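File shown here: model.cif, holding mmCIF, C-alpha atoms.
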data_query
loop_
_atom_site.label_atom_id
_atom_site.label_comp_id
_atom_site.auth_asym_id
_atom_site.auth_seq_id
_atom_site.Cartn_x
_atom_site.Cartn_y
_atom_site.Cartn_z
CA MET A 21 73.33 -45.66 47.65
CA GLU A 22 71.50 -46.72 50.78
CA VAL A 23 67.78 -47.35 51.35
CA ARG A 24 66.31 -48.01 54.78
CA VAL A 25 62.64 -48.74 55.53
CA GLN A 26 62.03 -49.02 59.26
CA PRO A 27 59.51 -48.43 62.05
CA ASP A 28 62.12 -47.00 64.39
CA PRO A 29 62.95 -43.30 64.73
CA PHE A 30 66.23 -42.05 63.24
CA ASP A 31 68.52 -39.26 64.39
CA PHE A 32 68.34 -36.76 61.53
CA GLY A 33 71.37 -34.78 62.71
CA ALA A 34 73.52 -37.86 63.19
CA GLU A 35 72.46 -39.27 59.80
CA CYS A 36 73.34 -35.99 58.06
CA GLY A 37 76.69 -35.83 59.84
CA ALA A 38 77.60 -39.41 58.99
CA PHE A 39 76.48 -38.95 55.38
CA ALA A 40 78.68 -35.87 54.90
CA ALA A 41 81.68 -37.15 56.87
CA GLY A 42 84.88 -38.25 55.19
CA ARG A 43 83.98 -37.24 51.65
CA SER A 44 86.66 -35.95 49.32
CA ASP A 45 84.67 -36.50 46.13
CA ALA A 46 81.66 -34.26 46.83
CA GLY A 47 81.53 -30.50 47.20
CA ALA A 48 77.81 -30.45 47.95
CA VAL A 49 75.50 -32.33 50.31
CA VAL A 50 71.74 -31.66 50.32
CA THR A 51 69.48 -33.12 53.03
CA PHE A 52 65.73 -33.05 53.50
CA ALA A 53 63.50 -34.38 56.29
CA GLY A 54 59.72 -34.73 56.22
CA LEU A 55 58.02 -34.24 59.61
CA VAL A 56 54.52 -34.97 60.95
CA ARG A 57 52.69 -31.63 60.84
CA ALA A 58 49.93 -30.80 63.35
CA ASP A 59 47.18 -30.05 60.82
CA GLY A 60 43.69 -29.40 62.24
CA GLY A 61 43.85 -31.40 65.45
CA LEU A 62 46.01 -34.18 64.05
CA SER A 63 47.75 -36.09 66.84
CA ALA A 64 49.55 -38.84 64.94
CA LEU A 65 50.09 -40.50 61.58
CA GLU A 66 49.88 -44.20 60.84
CA ILE A 67 51.93 -45.19 57.82
CA GLU A 68 51.25 -48.49 56.09
CA HIS A 69 53.56 -49.90 53.44
CA TYR A 70 54.03 -52.90 51.15
CA PRO A 71 57.04 -54.81 52.54
CA GLY A 72 59.25 -55.95 49.69
CA MET A 73 57.84 -53.64 47.05
CA THR A 74 58.69 -50.59 49.17
CA GLU A 75 62.42 -51.34 49.21
CA ARG A 76 62.31 -52.30 45.53
CA ALA A 77 60.49 -49.14 44.47
CA ILE A 78 62.72 -46.79 46.46
CA THR A 79 65.86 -48.50 45.19
CA ALA A 80 64.64 -48.11 41.60
CA ILE A 81 63.92 -44.39 42.22
CA ALA A 82 67.36 -43.88 43.77
CA GLN A 83 69.02 -45.73 40.87
CA GLU A 84 67.21 -43.46 38.42
CA ALA A 85 68.45 -40.38 40.33
CA THR A 86 72.00 -41.75 40.19
CA ARG A 87 71.63 -42.27 36.44
CA ARG A 88 70.34 -38.74 35.80
CA TRP A 89 72.69 -36.73 38.00
CA ASP A 90 76.35 -36.86 38.88
CA LEU A 91 75.96 -38.16 42.44
CA ARG A 92 78.59 -39.53 44.81
CA GLY A 93 76.10 -40.67 47.43
CA CYS A 94 72.38 -41.07 48.02
CA LEU A 95 70.53 -42.02 51.22
CA VAL A 96 66.79 -42.57 51.72
CA ILE A 97 65.24 -43.45 55.09
CA HIS A 98 61.45 -43.85 55.33
CA ARG A 99 59.56 -44.91 58.43
CA HIS A 100 56.28 -46.77 58.80
CA GLY A 101 53.96 -47.43 61.73
CA ARG A 102 52.62 -44.84 64.17
CA LEU A 103 54.37 -41.45 64.28
CA ALA A 104 53.57 -38.55 66.63
CA VAL A 105 53.43 -34.88 65.63
CA GLY A 106 56.92 -33.47 65.15
CA GLU A 107 58.57 -36.82 64.45
CA ALA A 108 60.60 -37.29 61.28
CA ILE A 109 58.78 -39.48 58.75
CA MET A 110 61.58 -39.73 56.24
CA MET A 111 64.75 -38.15 54.95
CA VAL A 112 66.80 -38.01 51.80
CA ALA A 113 70.43 -36.99 51.42
CA THR A 114 72.40 -36.52 48.22
CA ALA A 115 76.07 -35.81 47.67
CA ALA A 116 77.50 -34.47 44.42
CA PRO A 117 80.58 -32.63 43.18
CA HIS A 118 78.39 -29.53 42.62
CA ARG A 119 75.22 -28.30 44.31
CA ALA A 120 72.90 -28.18 41.29
CA ASP A 121 73.02 -31.97 40.95
CA ALA A 122 72.58 -32.53 44.70
CA PHE A 123 69.51 -30.23 44.87
CA ALA A 124 67.87 -31.57 41.71
CA ALA A 125 68.38 -35.21 42.72
CA ALA A 126 66.95 -34.57 46.20
CA GLU A 127 63.83 -32.94 44.71
CA PHE A 128 63.45 -35.76 42.20
CA LEU A 129 63.69 -38.33 45.01
CA MET A 130 61.06 -36.47 47.04
CA ASP A 131 58.63 -36.13 44.13
CA TYR A 132 58.88 -39.82 43.28
CA LEU A 133 58.76 -41.05 46.88
CA LYS A 134 55.46 -39.22 47.32
CA SER A 135 53.65 -40.90 44.45
CA ARG A 136 55.58 -44.04 43.46
CA ALA A 137 56.74 -45.65 46.71
CA PRO A 138 54.00 -47.83 48.26
CA PHE A 139 53.24 -45.95 51.47
CA TRP A 140 49.81 -44.86 52.68
CA LYS A 141 49.26 -42.29 55.40
CA LYS A 142 46.35 -42.34 57.82
CA GLU A 143 45.77 -39.23 59.92
CA ILE A 144 44.71 -39.79 63.52
CA GLY A 145 42.80 -36.63 64.45
CA ALA A 146 40.12 -35.28 66.73
CA ASP A 147 37.41 -36.68 64.40
CA GLY A 148 38.94 -40.15 64.27
CA PRO A 149 41.17 -41.78 61.67
CA ARG A 150 41.16 -40.71 58.02
CA TRP A 151 43.19 -41.98 55.05
CA VAL A 152 45.12 -39.21 53.33
CA ALA A 153 44.04 -38.83 49.69
CA ALA A 154 46.72 -38.46 47.04
CA ARG A 155 46.93 -34.90 45.69
CA ALA A 156 46.75 -34.15 41.97
CA GLU A 157 49.65 -31.70 42.43
CA ASP A 158 51.89 -34.53 43.62
CA GLU A 159 51.15 -36.57 40.50
CA ALA A 160 51.59 -33.48 38.31
CA ALA A 161 54.97 -32.80 39.94
CA LEU A 162 56.36 -35.92 38.23
CA THR A 163 55.84 -34.45 34.76
CA ARG A 164 58.62 -31.90 35.28
CA TRP A 165 61.20 -34.70 35.34
CA MET B 6 46.55 -70.86 38.63
CA SER B 7 46.77 -69.76 42.22
CA LEU B 8 47.64 -66.17 43.15
CA ASP B 9 48.41 -64.30 46.34
CA VAL B 10 46.16 -61.24 46.34
CA LEU B 11 47.16 -58.38 48.66
CA TYR B 12 45.19 -55.32 49.74
CA PHE B 13 46.49 -52.15 51.37
CA ALA B 14 45.13 -49.07 53.15
CA TRP B 15 41.37 -48.54 52.81
CA LEU B 16 41.05 -51.43 50.36
CA ARG B 17 42.31 -53.77 53.07
CA GLU B 18 39.77 -52.32 55.49
CA ARG B 19 36.87 -52.70 53.04
CA VAL B 20 37.80 -56.26 52.02
CA GLY B 21 38.36 -57.18 55.67
CA HIS B 22 41.82 -58.74 55.32
CA GLY B 23 45.18 -57.94 53.78
CA ARG B 24 45.92 -61.14 51.89
CA GLU B 25 44.10 -64.07 50.33
CA ARG B 26 44.99 -67.04 48.17
CA VAL B 27 42.88 -67.15 45.01
CA GLU B 28 42.37 -69.89 42.43
CA THR B 29 41.59 -68.26 39.12
CA SER B 30 41.73 -68.58 35.35
CA ALA B 31 41.48 -64.81 34.86
CA ALA B 32 43.53 -63.66 31.86
CA THR B 33 44.00 -60.04 32.93
CA VAL B 34 43.90 -57.94 36.08
CA ARG B 35 40.50 -56.61 34.98
CA ASP B 36 39.14 -60.17 34.74
CA LEU B 37 40.50 -60.94 38.20
CA VAL B 38 38.85 -57.82 39.62
CA ALA B 39 35.49 -59.00 38.24
CA GLU B 40 35.94 -62.37 40.02
CA LEU B 41 37.11 -60.79 43.28
CA SER B 42 34.23 -58.28 43.29
CA ALA B 43 31.78 -61.19 43.45
CA ARG B 44 33.38 -62.61 46.61
CA SER B 45 31.71 -60.30 49.14
CA ASP B 46 30.04 -56.92 49.59
CA GLY B 47 33.36 -55.67 50.99
CA HIS B 48 35.21 -56.73 47.85
CA ALA B 49 32.55 -55.11 45.67
CA ALA B 50 32.87 -51.87 47.65
CA ALA B 51 36.65 -51.95 47.41
CA PHE B 52 36.57 -52.33 43.62
CA SER B 53 33.64 -49.98 42.91
CA ASP B 54 35.86 -47.38 41.21
CA LEU B 55 38.94 -48.74 39.44
CA ALA B 56 40.00 -45.25 38.34
CA GLY B 57 40.95 -44.54 41.93
CA LEU B 58 43.00 -47.73 42.36
CA ARG B 59 46.49 -48.93 41.54
CA VAL B 60 47.70 -52.47 40.94
CA ALA B 61 51.12 -54.09 41.23
CA LEU B 62 52.07 -57.45 39.68
CA ASP B 63 54.92 -59.18 41.52
CA GLN B 64 55.70 -55.84 43.18
CA ASP B 65 55.89 -53.74 40.00
CA LEU B 66 53.19 -51.19 39.13
CA ALA B 67 51.02 -52.38 36.23
CA GLU B 68 47.88 -51.53 34.24
CA PHE B 69 44.48 -53.13 34.74
CA ASP B 70 44.67 -54.61 31.23
CA ALA B 71 47.97 -56.38 32.01
CA PRO B 72 48.01 -60.19 31.53
CA LEU B 73 48.33 -62.41 34.60
CA ALA B 74 50.27 -65.26 32.97
CA GLY B 75 53.26 -66.14 35.15
CA VAL B 76 52.28 -63.71 37.91
CA ARG B 77 52.40 -64.94 41.51
CA GLU B 78 51.44 -61.87 43.56
CA VAL B 79 48.82 -59.23 42.77
CA ALA B 80 48.43 -56.19 45.03
CA PHE B 81 45.65 -53.61 44.99
CA PHE B 82 45.90 -50.23 46.72
CA PRO B 83 44.89 -46.58 46.51
CA PRO B 84 47.26 -43.97 45.04
CA MET B 85 50.37 -43.79 47.21
CA THR B 86 50.95 -41.06 49.77
CA GLY B 87 54.56 -41.40 50.85
CA GLY B 88 57.20 -38.81 51.55
#
As structure tokens - that is how I would like this structure written.
Amino acid sequence: MEVRVQPDPFDFGAECGAFAAGRSDAGAVVTFAGLVRADGGLSALEIEHYPGMTERAITAIAQEATRRWDLRGCLVIHRHGRLAVGEAIMMVATAAPHRADAFAAAEFLMDYLKSRAPFWKKEIGADGPRWVAARAEDEAALTRW
Amino acid sequence: MSLDVLYFAWLRERVGHGRERVETSAATVRDLVAELSARSDGHAAAFSDLAGLRVALDQDLAEFDAPLAGVREVAFFPPMTGG
């Protein structure tokens, strides 16, 4: 299990390759990356976080995923600071003997990272900066777990 | 007791800073919020609607009725928008 919180960009392809390489215990690897989408004139995102609690919260979420599913590996990378359109904000990767566990754990990680890891997004758009409001659907998504 | 109080996102902007040291005898988070709200117009604006806020005690999410005994760090922020 590995958790990285960083301002620097990461190489999604290289991370996926390294995560999958040399495994004999997993038949399935699932990866997901979240990118900055150019919504309505948006030019960048600024992501604030709570140093200390962020790492703690993500580690707790990843530990819970490891408890619920038969995983052989779990990686979470989440960036903070200013990110331009098209840049990767974050990624998760899960490895499991079978794909059902890898997919479910990756979705679980994503749902919890959205609403339980202390990050806040600010959109930098044509009309100036605007804090992104949490969506009720994101909170509701947690109830399925 | 003295507490480190942290603010994030638009709460930080309304209060005007991200961290302050507070001397308080507040028993619960709700009591602390009442004291903090009296500090400035910015604080009052930040705490005008508790339903839209979250609180963490020593970096764990908590409820507004949680006791403050033994706590060193209290953080206030809007609902999180990670991922």
- To verify the selection step, state as a PyMOL selection string which residues the PyMOL selection byres ((chain A) within 12 of (chain B)) yields on this input. chain A and resi 25+52-56+65-78+80+96-100+108-112+126-143+149-159
- Query: If you measure from CA of Arg77 in chain B to CA of Gly101 in chain A, what distance in Å do you get, rounded to one decimal?
  - Reply: 26.8 Å
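The space between CA of Glu22 in chain A and CA of Asp90 in chain A spans 16.2 Å.
Near range 27-42 of chain B, within a cut-off of 6 Å and counting all atoms listed in the file, sit the residues Met6, Ser7, Leu8, Arg44, His48, Ala49, Phe69, Asp70, Ala71, Pro72 and Leu73 of chain B, with same-chain residues fewer than 2 positions away left out.
Coordinates place CA of Leu162 in chain A at a distance of 25.1 Å from CA of Asp59 in chain A.
Among the candidates A:Ala160, A:Ser63, A:Leu103, A:Trp165, the residue lying nearest to Trp89 in chain A is A:Trp165 (atoms considered: only C-alpha atoms).
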- Residue neighbourhood Gly37 in chain A, 12 Å, only C-alpha atoms, exclusion window fewer than 6 positions, as a PyMOL selection string: chain A and resi 31+43+49-51+113
- Counting only C-alpha atoms, what is within 7 Å of Leu62 in chain B, bar same-chain residues fewer than 5 positions away, as a ChimeraX atom specification? /B:67,76,78-80
